[in-house]
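This is data_5.cif. It holds mmCIF, C-alpha atoms.
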```cif
data_coords
#
loop_
_atom_site.group_PDB
_atom_site.id
_atom_site.type_symbol
_atom_site.label_atom_id
_atom_site.label_comp_id
_atom_site.auth_asym_id
_atom_site.auth_seq_id
_atom_site.Cartn_x
_atom_site.Cartn_y
_atom_site.Cartn_z
ATOM 1 C CA MET A 550 0.000 0.000 0.000
ATOM 2 C CA TYR A 551 1.247 3.479 -0.851
ATOM 3 C CA THR A 552 -0.252 5.307 2.158
ATOM 4 C CA TYR A 553 2.016 5.474 5.206
ATOM 5 C CA PRO A 554 1.031 7.023 8.539
ATOM 6 C CA ALA A 555 4.418 8.279 9.683
ATOM 7 C CA LYS A 556 5.625 11.610 8.326
ATOM 8 C CA LEU A 557 8.716 13.378 9.524
ATOM 9 C CA PRO A 558 7.789 16.863 10.766
ATOM 10 C CA ILE A 559 9.988 19.524 9.196
ATOM 11 C CA PRO A 560 9.753 23.130 10.455
ATOM 12 C CA ASN A 561 8.376 25.728 8.045
ATOM 13 C CA ASN A 562 11.243 28.116 8.744
ATOM 14 C CA ILE A 563 14.107 26.280 7.029
ATOM 15 C CA TYR A 564 16.013 28.713 4.872
ATOM 16 C CA ASP A 565 18.453 26.887 2.686
ATOM 17 C CA SER A 566 19.426 23.599 4.302
ATOM 18 C CA PHE A 567 17.840 20.396 5.464
ATOM 19 C CA TYR A 568 20.033 17.845 7.198
ATOM 20 C CA TYR A 569 18.806 14.519 8.485
ATOM 21 C CA TYR A 570 21.014 12.001 10.210
ATOM 22 C CA GLN A 571 19.645 8.988 12.058
ATOM 23 C CA LYS A 572 17.208 6.182 11.680
ATOM 24 C CA ASN A 573 13.675 7.300 12.410
ATOM 25 C CA GLU A 574 10.217 5.761 12.330
ATOM 26 C CA ALA A 575 9.130 8.251 9.661
ATOM 27 C CA LYS A 576 8.896 6.737 6.196
ATOM 28 C CA ASN A 577 7.966 9.942 4.390
ATOM 29 C CA VAL A 578 9.712 13.292 4.365
ATOM 30 C CA ILE A 579 7.674 16.150 2.966
ATOM 31 C CA LEU A 580 9.635 19.373 2.998
ATOM 32 C CA PRO A 581 7.246 22.226 3.842
ATOM 33 C CA SER A 582 5.672 24.259 1.066
ATOM 34 C CA LYS A 583 6.453 27.457 2.946
ATOM 35 C CA VAL A 584 10.176 27.309 2.387
ATOM 36 C CA ASN A 585 11.295 30.936 2.613
ATOM 37 C CA ASP A 586 13.692 30.687 -0.320
ATOM 38 C CA THR A 587 13.058 28.927 -3.604
ATOM 39 C CA VAL A 588 16.502 27.354 -3.493
ATOM 40 C CA ILE A 589 17.413 24.648 -1.039
ATOM 41 C CA ASN A 590 21.180 24.728 -1.250
ATOM 42 C CA GLN A 591 21.750 21.538 0.668
ATOM 43 C CA VAL A 592 19.551 18.522 1.280
ATOM 44 C CA SER A 593 21.526 15.871 3.094
ATOM 45 C CA CYS A 594 20.515 12.537 4.514
ATOM 46 C CA CYS A 595 23.093 10.201 5.963
ATOM 47 C CA ASP A 596 22.264 6.761 7.351
ATOM 48 C CA CYS A 597 18.593 7.342 6.584
ATOM 49 C CA ASN A 598 17.449 3.769 6.141
ATOM 50 C CA GLY A 599 14.000 4.498 7.570
ATOM 51 C CA ILE A 600 13.072 7.037 4.902
ATOM 52 C CA GLU A 601 11.204 5.647 1.900
ATOM 53 C CA ASN A 602 9.807 8.747 0.184
ATOM 54 C CA ILE A 603 10.867 12.398 -0.090
ATOM 55 C CA VAL A 604 8.811 15.237 -1.563
ATOM 56 C CA ILE A 605 10.465 18.469 -2.676
ATOM 57 C CA PRO A 606 7.683 21.116 -2.587
ATOM 58 C CA ASP A 607 6.537 23.243 -5.523
ATOM 59 C CA THR A 608 8.039 26.369 -3.926
ATOM 60 C CA VAL A 609 11.534 24.972 -4.531
ATOM 61 C CA SER A 610 13.121 25.580 -7.940
ATOM 62 C CA SER A 611 16.632 24.291 -7.234
ATOM 63 C CA VAL A 612 17.993 21.586 -4.975
ATOM 64 C CA CYS A 613 21.409 20.082 -4.383
ATOM 65 C CA GLY A 614 22.812 17.721 -1.806
ATOM 66 C CA TYR A 615 23.502 14.099 -1.076
ATOM 67 C CA PHE A 616 21.837 10.994 0.286
ATOM 68 C CA ASP A 617 24.018 8.232 1.699
ATOM 69 C CA ARG A 618 23.086 4.780 3.023
ATOM 70 C CA THR A 619 19.476 5.111 1.907
ATOM 71 C CA GLU A 620 18.773 1.529 0.853
ATOM 72 C CA GLU A 621 15.049 1.846 1.643
ATOM 73 C CA LEU A 622 14.547 5.073 -0.337
ATOM 74 C CA LYS A 623 11.807 4.338 -2.886
ATOM 75 C CA SER A 624 10.998 7.731 -4.351
ATOM 76 C CA ILE A 625 11.902 11.395 -4.599
ATOM 77 C CA SER A 626 9.127 13.584 -5.966
ATOM 78 C CA PHE A 627 9.586 16.940 -7.688
ATOM 79 C CA SER A 628 7.017 19.493 -8.843
ATOM 80 C CA GLU A 629 6.998 21.022 -12.303
ATOM 81 C CA ASN A 630 8.706 24.125 -10.842
ATOM 82 C CA ILE A 631 12.079 22.449 -10.290
ATOM 83 C CA ARG A 632 14.746 23.930 -12.571
ATOM 84 C CA ASP A 633 17.972 22.510 -11.170
ATOM 85 C CA ILE A 634 18.658 19.167 -9.493
ATOM 86 C CA ARG A 635 22.134 18.329 -8.276
ATOM 87 C CA LEU A 636 21.854 15.333 -5.977
ATOM 88 C CA ASP A 637 24.307 12.551 -5.252
ATOM 89 C CA ILE A 638 22.384 9.491 -4.164
ATOM 90 C CA ILE A 639 24.348 6.532 -2.838
ATOM 91 C CA ASP A 640 22.900 3.105 -2.064
ATOM 92 C CA ALA A 641 19.347 3.594 -3.321
ATOM 93 C CA PRO A 642 19.063 0.681 -5.762
ATOM 94 C CA SER A 643 15.309 0.841 -6.350
ATOM 95 C CA LEU A 644 14.839 4.632 -6.416
ATOM 96 C CA ILE A 645 12.011 6.019 -8.535
ATOM 97 C CA VAL A 646 12.076 9.706 -9.450
ATOM 98 C CA ARG A 647 8.568 11.169 -9.618
ATOM 99 C CA GLY A 648 7.712 14.296 -11.590
ATOM 100 C CA TYR A 649 6.044 15.562 -14.732
ATOM 101 C CA TYR A 650 6.905 14.615 -18.295
ATOM 102 C CA GLY A 651 9.344 16.973 -19.960
ATOM 103 C CA THR A 652 10.613 18.501 -16.721
ATOM 104 C CA TYR A 653 13.979 18.494 -15.045
ATOM 105 C CA ALA A 654 12.826 15.609 -12.853
ATOM 106 C CA GLU A 655 12.519 13.393 -15.930
ATOM 107 C CA LYS A 656 15.914 14.577 -17.185
ATOM 108 C CA PHE A 657 17.510 13.913 -13.779
ATOM 109 C CA ALA A 658 16.090 10.376 -13.777
ATOM 110 C CA SER A 659 17.326 9.727 -17.304
ATOM 111 C CA ASP A 660 20.787 11.217 -16.732
ATOM 112 C CA ASN A 661 21.282 9.160 -13.574
ATOM 113 C CA LYS A 662 19.613 5.972 -14.845
ATOM 114 C CA TYR A 663 16.789 6.037 -12.305
ATOM 115 C CA ASP A 664 13.317 4.789 -13.051
ATOM 116 C CA PHE A 665 10.916 7.688 -13.775
ATOM 117 C CA CYS A 666 7.250 7.745 -12.765
ATOM 118 C CA ALA A 667 5.247 10.546 -14.368
ATOM 119 C CA ILE A 668 2.711 12.183 -12.088
ATOM 120 C CA GLY A 669 -0.703 11.672 -13.653
ATOM 121 C CA ASP A 670 0.333 8.822 -15.970
ATOM 122 C CA VAL A 671 -1.472 6.175 -13.950
ATOM 123 C CA ASP A 672 -1.336 3.462 -16.623
ATOM 124 C CA SER A 673 2.304 4.186 -17.639
ATOM 125 C CA ASP A 674 1.477 4.557 -21.336
ATOM 126 C CA ASP A 675 3.609 7.730 -21.695
ATOM 127 C CA ASN A 676 0.500 9.934 -21.892
ATOM 128 C CA VAL A 677 -1.612 11.763 -19.340
ATOM 129 C CA ASN A 678 -5.159 11.374 -20.581
ATOM 130 C CA VAL A 679 -8.679 10.199 -19.813
ATOM 131 C CA SER A 680 -7.601 6.533 -19.529
ATOM 132 C CA ASP A 681 -5.579 7.539 -16.444
ATOM 133 C CA LEU A 682 -8.622 9.279 -15.017
ATOM 134 C CA LEU A 683 -10.802 6.199 -15.617
ATOM 135 C CA LYS A 684 -8.264 3.915 -13.942
ATOM 136 C CA MET A 685 -8.171 6.226 -10.918
ATOM 137 C CA LEU A 686 -11.969 6.412 -10.795
ATOM 138 C CA LYS A 687 -12.258 2.599 -10.826
ATOM 139 C CA HIS A 688 -9.779 2.438 -7.957
ATOM 140 C CA LEU A 689 -11.598 5.072 -5.897
ATOM 141 C CA TYR A 690 -14.933 3.274 -6.367
ATOM 142 C CA GLY A 691 -13.349 -0.028 -5.340
ATOM 143 C CA ILE A 692 -13.884 -1.632 -8.741
ATOM 144 C CA GLU A 693 -10.222 -2.224 -9.522
ATOM 145 C CA GLU A 694 -7.118 -2.235 -7.335
ATOM 146 C CA MET A 695 -4.065 -0.331 -8.556
ATOM 147 C CA THR A 696 -0.478 -1.532 -8.306
ATOM 148 C CA GLU A 697 2.024 0.415 -6.210
ATOM 149 C CA ARG A 698 3.438 1.927 -9.415
ATOM 150 C CA GLU A 699 -0.043 3.014 -10.559
ATOM 151 C CA LEU A 700 -0.679 4.543 -7.129
ATOM 152 C CA MET A 701 2.550 6.542 -7.454
ATOM 153 C CA GLY A 702 1.367 7.932 -10.793
ATOM 154 C CA ALA A 703 -2.090 8.665 -9.392
ATOM 155 C CA ASP A 704 -0.850 10.605 -6.334
ATOM 156 C CA CYS A 705 -1.004 13.981 -8.091
ATOM 157 C CA ASN A 706 -0.788 16.157 -4.978
ATOM 158 C CA LEU A 707 2.151 14.168 -3.544
ATOM 159 C CA ASP A 708 0.569 13.461 -0.156
ATOM 160 C CA PHE A 709 1.149 9.675 -0.206
ATOM 161 C CA SER A 710 -2.501 8.775 -0.712
ATOM 162 C CA VAL A 711 -4.853 8.615 -3.670
ATOM 163 C CA ASN A 712 -8.215 10.302 -3.218
ATOM 164 C CA ILE A 713 -10.695 12.680 -4.844
ATOM 165 C CA ALA A 714 -8.221 15.595 -4.623
ATOM 166 C CA ASP A 715 -5.828 13.695 -6.891
ATOM 167 C CA MET A 716 -8.650 12.935 -9.309
ATOM 168 C CA VAL A 717 -9.580 16.627 -9.523
ATOM 169 C CA MET A 718 -5.940 17.604 -10.133
ATOM 170 C CA LEU A 719 -5.619 14.971 -12.855
ATOM 171 C CA LYS A 720 -8.869 16.087 -14.507
ATOM 172 C CA ASN A 721 -7.683 19.703 -14.471
ATOM 173 C CA ASN A 722 -4.329 18.713 -15.971
ATOM 174 C CA ILE A 723 -6.069 16.791 -18.753
ATOM 175 C CA LEU A 724 -8.382 19.719 -19.556
ATOM 176 C CA ASP A 725 -5.640 22.362 -19.273
ATOM 177 C CA PRO A 726 -2.264 20.630 -19.576
ATOM 178 C CA LYS A 727 0.671 22.231 -17.815
ATOM 179 C CA LEU A 728 2.892 20.364 -20.183
ATOM 180 C CA THR A 729 3.251 19.207 -23.764
ATOM 181 C CA SER A 730 1.049 16.443 -25.155
ATOM 182 C CA ARG A 731 2.816 14.123 -22.700
ATOM 183 C CA GLY A 732 1.983 16.433 -19.818
ATOM 184 C CA ALA A 733 4.817 18.940 -19.118
ATOM 185 C CA SER A 734 7.274 21.458 -20.445
ATOM 186 C CA MET A 735 10.696 22.688 -19.485
ATOM 187 C CA ALA A 736 9.772 26.260 -20.457
#
```
Rewritten as structure tokens:
Amino acid sequence: MYTYPAKLPIPNNIYDSFYYYQKNEAKNVILPSKVNDTVINQVSCCDCNGIENIVIPDTVSSVCGYFDRTEELKSISFSENIRDIRLDIIDAPSLIVRGYYGTYAEKFASDNKYDFCAIGDVDSDDNVNVSDLLKMLKHLYGIEEMTERELMGADCNLDFSVNIADMVMLKNNILDPKLTSRGASMA
């Protein structure tokens, strides 16, 4: 299941650095959306085996740093606003980079040979369209279960759950795409 109860609380007043060192019960790290600067100059996690998912908020346009001994890290999610990613990730063999098609997140995944999961592309057909919306609707009505990968694509608001808010975001993206025909742009 893609929904986890434990989230690591991060203060809203971080300015340019986030450091995390120790094993913790939190599986998800969601940096706050009220980061005072749009550049996080250093994101560092060392010996962070408890962390499975990290979300870089849409207020951040640039991020650099390192992650070491993060064997359990499953995903790092970026919004369409990210313009620069300079991360060294060590010991994360099954990492999936989540973001929008055509953005720097997709380029980062490709350049570093990480698997890429496009936000909104629920069925992984390289398009964000009504078939993704139908798959999500069937899941929400309990008609059809989604795989963990499909749930990652369906979690449009990056809150580690799939619900009606994600469906509304996906519908809005289909009707008024932020991206190219695949869903995004680097413009």
- [ ] Spell out the residues picked by the PyMOL selection byres ((chain A and resi 717-722) around 9) here, as a ChimeraX atom specification.
- [x] /A:668-669,677-679,681-682,703,705-706,713-716,723-728,732
Open item on the list: Please expand the PyMOL selection byres ((chain A and resi 611) around 6) into the concrete residues it hits in this file, giving the result as a list in words.
Closed with: Val588, Val609, Ser610, Val612, Ile631, Arg632, Asp633 and Ile634 of chain A
Open item on the list: Can you pull out the residues contacting Ile600 (chain A)? Cut-off 6 Å, using all atoms listed in the file, and skip same-chain residues under 6 positions away; I want them as a PyMOL selection string.
Closed with: chain A and resi 576-577+622
TODO: Could you please give me, as a count of residues only, the residues of protein, DNA or RNA lying at most 10 Å from (12.5, 5.2, 2.5) in the coordinate frame of the file, considering only C-alpha atoms?
DONE: 20
Around region 652-659 of chain A, fit a box with edges along x, y and z, padding it by 5 Å on each side, then list its centre and edge lengths in Å to one decimal as JSON.
```
{"center_x": 14.1, "center_y": 14.1, "center_z": -15.1, "size_x": 16.9, "size_y": 18.8, "size_z": 14.5}
```
Task: Point-to-point distance in Å for CA of Ala658 (chain A) and CA of Asp607 (chain A) - done: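 According to the coordinates, CA of Asp607 (chain A) and CA of Ala658 (chain A) are separated by 18.0 Å.
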- [ ] Rounded to one decimal place, report the CA of Glu699 (chain A)-CA of Ser626 (chain A) distance in Å.
- [x]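 Here the two named atoms are 14.7 Å from each other.
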TODO: For each of A:Asp637, A:Val671, A:Leu686, A:Asn712, take the minimum atom-to-atom distance to Leu700 (chain A), counting all atoms listed in the file, then give the residue where this is smallest.
DONE: A:Val671
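From CA of Asp670 (chain A) back to CA of Gly702 (chain A), the distance works out to 5.4 Å.
For the residues A:Phe657, A:His688, A:Phe709, A:Tyr650, ranking by smallest atom-to-atom distance to Asn676 (chain A) using only C-alpha atoms places A:Tyr650 first.
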Open item on the list: Which residue is closest to Met701 (chain A)? Choose from A:Ile605, A:Ala654, A:Leu683, A:Ile645 and count all atoms listed in the file.
Closed with: A:Ile645
